[in-house]
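Novice: As input, take target.cif (mmCIF, C-alpha atoms):
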data_start
loop_
_atom_site.label_atom_id
_atom_site.label_comp_id
_atom_site.auth_asym_id
_atom_site.auth_seq_id
_atom_site.Cartn_x
_atom_site.Cartn_y
_atom_site.Cartn_z
CA MET A 180 -51.07 -57.32 -119.92
CA ALA A 181 -48.93 -54.39 -121.04
CA THR A 182 -47.18 -52.18 -118.53
CA GLN A 183 -49.51 -49.41 -117.39
CA THR A 184 -48.83 -46.10 -115.72
CA LEU A 185 -51.34 -44.51 -113.37
CA ARG A 186 -51.02 -41.26 -111.48
CA THR A 187 -52.27 -40.62 -107.98
CA SER A 188 -52.11 -37.30 -106.15
CA ASN A 189 -48.40 -37.58 -105.36
CA ALA A 190 -47.03 -40.68 -107.10
CA ARG A 191 -46.67 -42.57 -110.33
CA VAL A 192 -47.82 -46.18 -110.35
CA HIS A 193 -46.36 -48.65 -112.85
CA ILE A 194 -48.25 -51.93 -113.16
CA TYR A 195 -46.57 -55.07 -114.52
CA ARG A 196 -47.89 -58.41 -115.65
CA ASP A 197 -46.46 -60.46 -112.79
CA ALA A 198 -43.80 -60.52 -110.08
CA ASP A 199 -41.10 -61.68 -112.51
CA GLU A 200 -41.60 -58.71 -114.83
CA LEU A 201 -41.72 -56.40 -111.81
CA ALA A 202 -38.36 -57.70 -110.53
CA LEU A 203 -36.76 -57.23 -113.96
CA LYS A 204 -38.04 -53.68 -114.33
CA ALA A 205 -36.87 -52.86 -110.82
CA ALA A 206 -33.39 -54.18 -111.63
CA ARG A 207 -33.31 -52.02 -114.74
CA ARG A 208 -34.37 -48.98 -112.71
CA PHE A 209 -31.58 -49.61 -110.22
CA ALA A 210 -29.01 -49.90 -113.01
CA ARG A 211 -30.27 -46.82 -114.84
CA LEU A 212 -30.24 -44.60 -111.75
CA ALA A 213 -26.81 -45.92 -110.75
CA ASP A 214 -25.38 -44.86 -114.11
CA GLN A 215 -27.12 -41.49 -113.93
CA TYR A 216 -25.89 -40.52 -110.47
CA ILE A 217 -22.38 -41.89 -110.85
CA VAL A 218 -21.91 -39.86 -114.04
CA GLY A 219 -23.37 -36.76 -112.41
CA CYS A 220 -22.19 -37.04 -108.79
CA GLY A 221 -19.41 -39.62 -108.72
CA ARG A 222 -21.34 -42.08 -106.57
CA PHE A 223 -24.74 -43.71 -106.09
CA THR A 224 -26.29 -44.28 -102.67
CA VAL A 225 -29.12 -46.75 -102.20
CA ALA A 226 -31.05 -48.04 -99.21
CA LEU A 227 -32.27 -51.61 -99.66
CA SER A 228 -35.31 -53.40 -98.29
CA GLY A 229 -36.14 -56.98 -97.44
CA GLY A 230 -38.87 -59.12 -98.96
CA SER A 231 -39.44 -61.55 -101.79
CA THR A 232 -39.61 -58.99 -104.61
CA PRO A 233 -36.28 -57.34 -103.68
CA ARG A 234 -34.80 -60.83 -103.38
CA ALA A 235 -35.80 -61.56 -106.98
CA MET A 236 -34.42 -58.19 -108.10
CA PHE A 237 -31.11 -58.80 -106.29
CA SER A 238 -30.78 -62.20 -107.95
CA LEU A 239 -31.23 -60.62 -111.37
CA LEU A 240 -28.68 -57.88 -110.61
CA ALA A 241 -26.15 -60.58 -109.70
CA GLU A 242 -26.43 -62.07 -113.20
CA HIS A 243 -25.54 -61.00 -116.75
CA PRO A 244 -25.96 -58.34 -118.04
CA PHE A 245 -26.21 -56.33 -114.81
CA ALA A 246 -23.31 -57.99 -112.99
CA ASP A 247 -21.01 -57.11 -115.87
CA THR A 248 -22.15 -53.57 -116.65
CA VAL A 249 -23.27 -51.87 -113.41
CA PRO A 250 -20.44 -49.70 -111.94
CA TRP A 251 -20.43 -51.54 -108.61
CA SER A 252 -17.32 -49.89 -107.19
CA SER A 253 -19.09 -46.52 -107.04
CA ILE A 254 -22.30 -47.75 -105.38
CA TYR A 255 -22.81 -47.46 -101.63
CA PHE A 256 -25.32 -49.76 -99.96
CA PHE A 257 -27.43 -49.05 -96.88
CA TRP A 258 -30.63 -50.52 -95.46
CA GLY A 259 -34.02 -49.05 -94.70
CA ASP A 260 -34.64 -51.30 -91.74
CA GLU A 261 -33.40 -54.40 -89.97
CA ARG A 262 -34.57 -56.96 -87.46
CA CYS A 263 -32.64 -57.13 -84.20
CA VAL A 264 -30.74 -60.30 -85.12
CA GLN A 265 -27.18 -61.31 -85.94
CA PRO A 266 -26.11 -60.51 -89.54
CA GLY A 267 -25.99 -64.23 -90.34
CA HIS A 268 -29.49 -64.92 -89.03
CA PRO A 269 -32.06 -66.20 -91.59
CA ASP A 270 -34.32 -63.21 -90.82
CA SER A 271 -31.61 -60.62 -91.48
CA ASN A 272 -32.27 -58.24 -94.38
CA TYR A 273 -28.51 -57.80 -94.69
CA ARG A 274 -27.96 -61.54 -95.01
CA MET A 275 -30.55 -61.81 -97.76
CA ALA A 276 -29.00 -58.99 -99.79
CA ASN A 277 -25.49 -60.29 -99.20
CA GLU A 278 -26.26 -63.85 -100.26
CA THR A 279 -28.29 -62.93 -103.34
CA LEU A 280 -26.30 -59.92 -104.58
CA LEU A 281 -23.45 -58.32 -102.67
CA ALA A 282 -21.27 -61.41 -102.35
CA LYS A 283 -21.65 -62.05 -106.09
CA VAL A 284 -20.65 -58.68 -107.56
CA PRO A 285 -17.49 -56.58 -107.13
CA VAL A 286 -18.72 -54.18 -104.45
CA PRO A 287 -15.87 -53.04 -102.17
CA ALA A 288 -16.47 -54.06 -98.56
CA GLN A 289 -16.09 -50.43 -97.48
CA ASN A 290 -19.12 -49.53 -99.63
CA ILE A 291 -21.48 -51.66 -97.53
CA PHE A 292 -23.07 -50.08 -94.46
CA ARG A 293 -25.28 -52.58 -92.69
CA ILE A 294 -27.35 -51.71 -89.63
CA PRO A 295 -25.63 -53.05 -86.45
CA ALA A 296 -28.92 -54.56 -85.29
CA GLU A 297 -27.23 -57.29 -83.25
CA THR A 298 -26.22 -54.65 -80.70
CA PRO A 299 -27.87 -55.65 -77.39
CA GLU A 300 -29.53 -52.23 -76.89
CA PRO A 301 -31.72 -51.37 -79.92
CA GLU A 302 -31.60 -47.64 -79.15
CA ARG A 303 -27.81 -47.78 -79.27
CA ALA A 304 -27.90 -49.57 -82.62
CA ALA A 305 -30.19 -46.86 -84.01
CA LYS A 306 -27.91 -44.13 -82.70
CA GLU A 307 -24.84 -45.78 -84.20
CA TYR A 308 -26.47 -46.10 -87.61
CA ALA A 309 -27.63 -42.48 -87.53
CA GLU A 310 -24.04 -41.47 -86.77
CA THR A 311 -22.79 -43.62 -89.65
CA LEU A 312 -25.21 -41.91 -92.03
CA ASN A 313 -24.34 -38.45 -90.73
CA LYS A 314 -20.64 -39.07 -91.25
CA PHE A 315 -21.01 -40.58 -94.71
CA PHE A 316 -23.39 -38.02 -96.15
CA SER A 317 -21.45 -35.00 -94.90
CA THR A 318 -18.11 -36.05 -96.40
CA GLY A 319 -16.61 -37.45 -99.57
CA PRO A 320 -17.52 -37.17 -103.28
CA GLY A 321 -21.08 -36.16 -103.92
CA ALA A 322 -21.72 -35.36 -100.25
CA SER A 323 -25.43 -34.71 -100.11
CA ARG A 324 -26.33 -32.88 -96.98
CA THR A 325 -25.11 -29.32 -96.74
CA GLY A 326 -26.75 -27.01 -99.23
CA THR A 327 -28.30 -29.67 -101.48
CA SER A 328 -30.83 -31.33 -99.23
CA PRO A 329 -34.34 -30.04 -98.54
CA LEU A 330 -33.69 -31.07 -94.93
CA SER A 331 -29.99 -30.37 -94.68
CA ASN A 332 -29.59 -32.15 -91.34
CA PHE A 333 -30.86 -35.40 -92.88
CA PRO A 334 -29.01 -37.73 -95.28
CA ARG A 335 -30.15 -37.59 -98.88
CA PHE A 336 -30.15 -41.01 -100.51
CA ASP A 337 -30.21 -41.22 -104.29
CA LEU A 338 -32.64 -44.16 -104.10
CA VAL A 339 -34.62 -45.83 -101.34
CA PHE A 340 -36.32 -49.12 -102.11
CA LEU A 341 -39.35 -49.94 -99.98
CA GLY A 342 -41.80 -52.76 -99.66
CA MET A 343 -45.29 -52.68 -98.18
CA GLY A 344 -46.81 -55.23 -95.85
CA PRO A 345 -50.45 -56.39 -95.98
CA ASP A 346 -51.05 -54.12 -92.97
CA GLY A 347 -49.75 -51.05 -94.80
CA HIS A 348 -46.40 -50.83 -93.02
CA THR A 349 -43.20 -49.93 -94.84
CA ALA A 350 -39.58 -50.32 -93.71
CA SER A 351 -40.29 -50.99 -90.01
CA LEU A 352 -42.82 -48.20 -89.67
CA PHE A 353 -45.75 -50.21 -88.37
CA PRO A 354 -49.31 -49.04 -87.71
CA HIS A 355 -49.77 -47.22 -84.40
CA SER A 356 -46.06 -47.53 -83.51
CA ALA A 357 -43.94 -44.82 -81.89
CA ALA A 358 -41.66 -44.38 -84.92
CA LEU A 359 -44.50 -42.70 -86.81
CA GLN A 360 -44.03 -39.65 -84.57
CA ALA A 361 -40.23 -39.46 -84.96
CA SER A 362 -40.13 -36.44 -87.25
CA ASP A 363 -36.77 -35.09 -86.05
CA GLN A 364 -34.75 -38.32 -85.99
CA ILE A 365 -32.86 -40.12 -88.74
CA VAL A 366 -33.00 -43.69 -87.42
CA VAL A 367 -35.04 -45.12 -84.54
CA ALA A 368 -35.48 -48.35 -82.63
CA ASN A 369 -39.18 -49.04 -83.08
CA TYR A 370 -40.95 -51.43 -80.73
CA VAL A 371 -43.46 -53.49 -82.73
CA GLU A 372 -46.22 -54.87 -80.53
CA LYS A 373 -47.27 -57.67 -82.90
CA PHE A 374 -43.76 -59.13 -82.77
CA THR A 375 -42.97 -58.10 -79.18
CA ALA A 376 -39.61 -56.98 -80.53
CA HIS A 377 -37.73 -53.91 -81.69
CA ARG A 378 -36.85 -53.15 -85.31
CA ILE A 379 -34.26 -50.60 -86.40
CA THR A 380 -35.65 -48.35 -89.12
CA LEU A 381 -35.13 -45.17 -91.08
CA THR A 382 -37.81 -42.66 -90.18
CA ALA A 383 -40.33 -41.31 -92.65
CA ALA A 384 -38.52 -37.97 -92.53
CA THR A 385 -35.28 -39.62 -93.67
CA ILE A 386 -36.99 -41.58 -96.44
CA ASN A 387 -38.83 -38.47 -97.64
CA ASN A 388 -35.52 -36.64 -98.03
CA ALA A 389 -34.39 -39.06 -100.77
CA ARG A 390 -34.07 -38.12 -104.41
CA ASN A 391 -35.99 -41.22 -105.49
CA VAL A 392 -38.25 -43.53 -103.50
CA THR A 393 -39.49 -46.72 -105.14
CA PHE A 394 -42.04 -49.10 -103.63
CA LEU A 395 -42.08 -52.71 -104.82
CA ALA A 396 -45.33 -54.58 -104.14
CA ALA A 397 -46.55 -57.87 -105.56
CA GLY A 398 -49.35 -60.30 -104.83
CA GLU A 399 -53.11 -60.24 -104.48
CA ASP A 400 -52.80 -60.07 -100.69
CA LYS A 401 -51.58 -56.48 -101.15
CA ALA A 402 -54.52 -55.38 -103.31
CA GLU A 403 -56.87 -54.03 -100.66
CA VAL A 404 -54.23 -52.18 -98.67
CA LEU A 405 -52.66 -50.77 -101.85
CA LYS A 406 -56.01 -49.30 -102.85
CA ASN A 407 -56.45 -47.82 -99.38
CA VAL A 408 -52.95 -46.36 -99.34
CA LEU A 409 -53.14 -44.81 -102.80
CA GLU A 410 -56.82 -43.93 -103.12
CA GLY A 411 -58.25 -43.88 -99.62
CA PRO A 412 -58.32 -41.10 -97.01
CA TYR A 413 -55.06 -40.06 -95.42
CA GLN A 414 -54.72 -42.26 -92.32
CA PRO A 415 -50.95 -42.61 -91.75
CA ASP A 416 -51.31 -44.07 -88.27
CA LEU A 417 -53.27 -46.92 -89.83
CA TYR A 418 -51.37 -47.07 -93.15
CA PRO A 419 -47.80 -45.84 -92.54
CA SER A 420 -46.94 -46.19 -96.24
CA GLN A 421 -49.04 -43.05 -96.77
CA MET A 422 -46.40 -41.07 -94.88
CA ILE A 423 -43.98 -41.51 -97.77
CA HIS A 424 -44.11 -38.48 -100.03
CA PRO A 425 -40.62 -37.14 -100.88
CA SER A 426 -40.24 -33.43 -100.23
CA ASN A 427 -38.08 -32.87 -103.30
CA GLY A 428 -37.87 -36.17 -105.14
CA THR A 429 -39.79 -38.78 -107.11
CA LEU A 430 -42.18 -41.38 -105.70
CA LEU A 431 -42.78 -44.45 -107.83
CA TRP A 432 -44.86 -47.52 -107.03
CA MET A 433 -43.89 -50.60 -109.05
CA VAL A 434 -46.58 -53.23 -108.58
CA ASP A 435 -47.81 -56.36 -110.28
CA ALA A 436 -51.30 -56.94 -111.66
CA GLY A 437 -52.37 -58.90 -108.60
CA ALA A 438 -51.54 -56.09 -106.22
CA ALA A 439 -53.14 -53.53 -108.55
CA ARG A 440 -56.38 -55.39 -109.22
CA LEU A 441 -58.55 -53.08 -107.08
CA LEU A 442 -57.09 -49.77 -108.22
CA SER A 443 -59.26 -47.38 -110.20
CA ASN A 444 -58.75 -47.22 -113.98
CA VAL A 445 -57.19 -50.68 -114.16
CA PRO A 446 -59.05 -52.94 -116.62
#
For the structure just supplied, provide its representation as structure tokens.
Specialist:
Amino acid sequence: MATQTLRTSNARVHIYRDADELALKAARRFARLADQYIVGCGRFTVALSGGSTPRAMFSLLAEHPFADTVPWSSIYFFWGDERCVQPGHPDSNYRMANETLLAKVPVPAQNIFRIPAETPEPERAAKEYAETLNKFFSTGPGASRTGTSPLSNFPRFDLVFLGMGPDGHTASLFPHSAALQASDQIVVANYVEKFTAHRITLTAATINNARNVTFLAAGEDKAEVLKNVLEGPYQPDLYPSQMIHPSNGTLLWMVDAGAARLLSNVP
């Protein structure tokens, strides 16, 4: 199956043969955008996600040719969401990215901004991360708040990677959760009923302020919800991924053939 491109009302959809090809193309997109923004702005800011497809992408980025050619010293890493666990916990999104990528490439430690999700009070952790983002994005080379951001009081990432769960959630914006109403906040502690636990997450408003947002979705278990998100009626409380539509940026879905099997115009 050759790579296909579909267009929905507000997004491009690239369809790949399988999860391996998807991970490779995602790694190439990361490297290409990094070069573009570092040449143009002096730095590249990216928010990472958890999940099996990002894990595969991170592993590829840690190998030749990416490990040798990507300008790692000018890339700044953040996270879209995090579980309320210690950074060394097996469920930590930071741990996964660190073990598969960050510890294997020459990224300066000061370029890594993990969410302090081990803080005992989740609301405090969210506040601290929002303050970290505010400070970073209002100072330094390529500062991208004042005057350049559609929402100038929000950080403006160059790239946000997202996944999508079989229930339509993205980052830690879960169906029917309070974070879906947080339109004036940067980061929130979102209580997720199905896990009886909090997650720390960027809000949809923050994600939508990015220059580029890229969803990675693979597997036949995503097919029905992907069709509903992209082609169904707008029901963001049921499918939070529908809330993602950058106000002045690109939205790209990178999916494999299994996830795309129910989409219209796919043979």
Novice: Using the chain letters and numbers from the file, which residues does the PyMOL selection byres ((chain A and resi 389) around 9) grab, as a ChimeraX atom specification?
Specialist: /A:328,334-339,385-388,390-392,425-429
Novice: What's the 8 Å shell around segment 189-194 of chain A, counting all atoms listed in the file, without same-chain residues fewer than 5 positions away, as a list in words?
Specialist: Thr182, Gln183, Thr184, His424, Thr429, Leu430, Leu431, Trp432, Met433, Val434, Asp435, Ala436 and Ala439 of chain A
Novice: Distance atom CA of Leu281 of chain A-atom CA of Ser253 of chain A, one decimal place?
Specialist: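 Rounded to one decimal, the two atoms are 13.3 Å apart.
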Novice: Which polymer residues have any atom within 10 Å of an atom of Ile294 of chain A, counting only C-alpha atoms, with same-chain residues fewer than 3 positions away left out, as a list in words?
Specialist: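 Here the answer would be Phe257, Trp258, Gly259, Asp260, Glu261, Arg262, Cys263, Pro266, Asn272, Tyr273, Ile291, Glu297, Thr298, Ala304, Ala305, Glu307, Tyr308, Ala309, Thr311, Ile379 and Thr380 of chain A.
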Novice: Measuring atom to atom with only C-alpha atoms, identify which of A:Val218, A:Ala438, A:Ala206, A:Val367 is nearest to Pro301 of chain A.
Specialist: A:Val367
Novice: Return as a PyMOL selection string the set of residues that the PyMOL selection byres ((chain A and resi 230) around 12) yields on the displayed structure.
Specialist: chain A and resi 202+227-229+231-237+259-261+270-276+340-344+349-350+394-397
Novice: Would you work out the distance separating atom CA of Ser252 of chain A from atom CA of Val284 of chain A, expressed in Å to one decimal?
Specialist: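 Taking atom CA of Ser252 of chain A as the start and atom CA of Val284 of chain A as the end point, the length is 9.4 Å.
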Novice: Which residue out of A:Glu300, A:Arg211, A:Leu352, A:Lys406 has the minimum interatomic distance to Phe245 of chain A when only C-alpha atoms are used?
Specialist: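 Going through A:Glu300, A:Arg211, A:Leu352, A:Lys406 one by one, the smallest distance to Phe245 of chain A is for A:Arg211.
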Novice: Give, as AutoDock Vina command-line options, the centre coordinates and the x, y and z edge lengths in Å to one decimal for an axis-aligned box around all listed atoms of segment 385-396 of chain A, padded by 5 Å on each side.
Specialist:
--center_x -39.7 --center_y -45.6 --center_z -99.6 --size_x 21.3 --size_y 27.9 --size_z 21.8
Novice: Let me make sure I understand: among A:Tyr255, A:Asp199, A:Ala210, A:Gly437, which one has the smallest atom-to-atom distance to Leu312 of chain A if we use all atoms listed in the file?
Specialist: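 Among A:Tyr255, A:Asp199, A:Ala210, A:Gly437, it is A:Tyr255 that comes nearest to Leu312 of chain A.
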Novice: Could you check which of A:Ala384, A:Pro345, A:Asp416, A:Ala246 is closest to Ala357 of chain A, using all atoms listed in the file?
Specialist: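 Among the listed residues, A:Asp416 lies closest to Ala357 of chain A.
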Novice: May I ask for the distance between atom CA of Thr318 of chain A and atom CA of Tyr216 of chain A, given in Å to one decimal place?
Specialist: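 Going from atom CA of Thr318 of chain A over to atom CA of Tyr216 of chain A covers 16.7 Å.
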Novice: Name the residues within 9 Å of (-51.6, -51.3, -92.0), counting all atoms listed in the file in the file's coordinates, and put them as a list in words.
Specialist: Met343, Gly344, Pro345, Asp346, Gly347, His348, Thr349, Phe353, Pro354, His355, Val404, Val408, Pro415, Asp416, Leu417, Tyr418, Pro419 and Ser420 of chain A
Novice: Can I get the selection written as an mmCIF file, in the coordinates of the input, with C-alpha atoms?
Specialist:
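Result file follows (out_8.cif):
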data_model
loop_
_atom_site.group_PDB
_atom_site.id
_atom_site.type_symbol
_atom_site.label_atom_id
_atom_site.label_comp_id
_atom_site.auth_asym_id
_atom_site.auth_seq_id
_atom_site.Cartn_x
_atom_site.Cartn_y
_atom_site.Cartn_z
ATOM 1 C CA MET A 343 -45.290 -52.680 -98.180
ATOM 2 C CA GLY A 344 -46.810 -55.230 -95.850
ATOM 3 C CA PRO A 345 -50.450 -56.390 -95.980
ATOM 4 C CA ASP A 346 -51.050 -54.120 -92.970
ATOM 5 C CA GLY A 347 -49.750 -51.050 -94.800
ATOM 6 C CA HIS A 348 -46.400 -50.830 -93.020
ATOM 7 C CA THR A 349 -43.200 -49.930 -94.840
ATOM 8 C CA PHE A 353 -45.750 -50.210 -88.370
ATOM 9 C CA PRO A 354 -49.310 -49.040 -87.710
ATOM 10 C CA HIS A 355 -49.770 -47.220 -84.400
ATOM 11 C CA VAL A 404 -54.230 -52.180 -98.670
ATOM 12 C CA VAL A 408 -52.950 -46.360 -99.340
ATOM 13 C CA PRO A 415 -50.950 -42.610 -91.750
ATOM 14 C CA ASP A 416 -51.310 -44.070 -88.270
ATOM 15 C CA LEU A 417 -53.270 -46.920 -89.830
ATOM 16 C CA TYR A 418 -51.370 -47.070 -93.150
ATOM 17 C CA PRO A 419 -47.800 -45.840 -92.540
ATOM 18 C CA SER A 420 -46.940 -46.190 -96.240
#
Novice: Give as a list in words the residues that the PyMOL selection byres ((chain A and resi 376) around 12) matches when applied to the coordinates above.
Specialist: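 Listing what the PyMOL selection byres ((chain A and resi 376) around 12) selects in the shown file: Glu261, Arg262, Cys263, Val264, Ala296, Glu300, Pro301, Ser351, Ser356, Ala368, Asn369, Tyr370, Val371, Glu372, Lys373, Phe374, Thr375, His377, Arg378 and Ile379 of chain A.
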Novice: Using only C-alpha atoms, which of the listed residues (A:Glu302, A:Phe333, A:Gln360, A:Leu442) sits closest to Lys314 of chain A?
Specialist: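 Closest candidate: A:Phe333.
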Novice: Here is a test: counting only C-alpha atoms, which residue of A:Ala361, A:Thr393, A:Glu403, A:Arg303 is nearest to Lys204 of chain A?
Specialist: A:Thr393
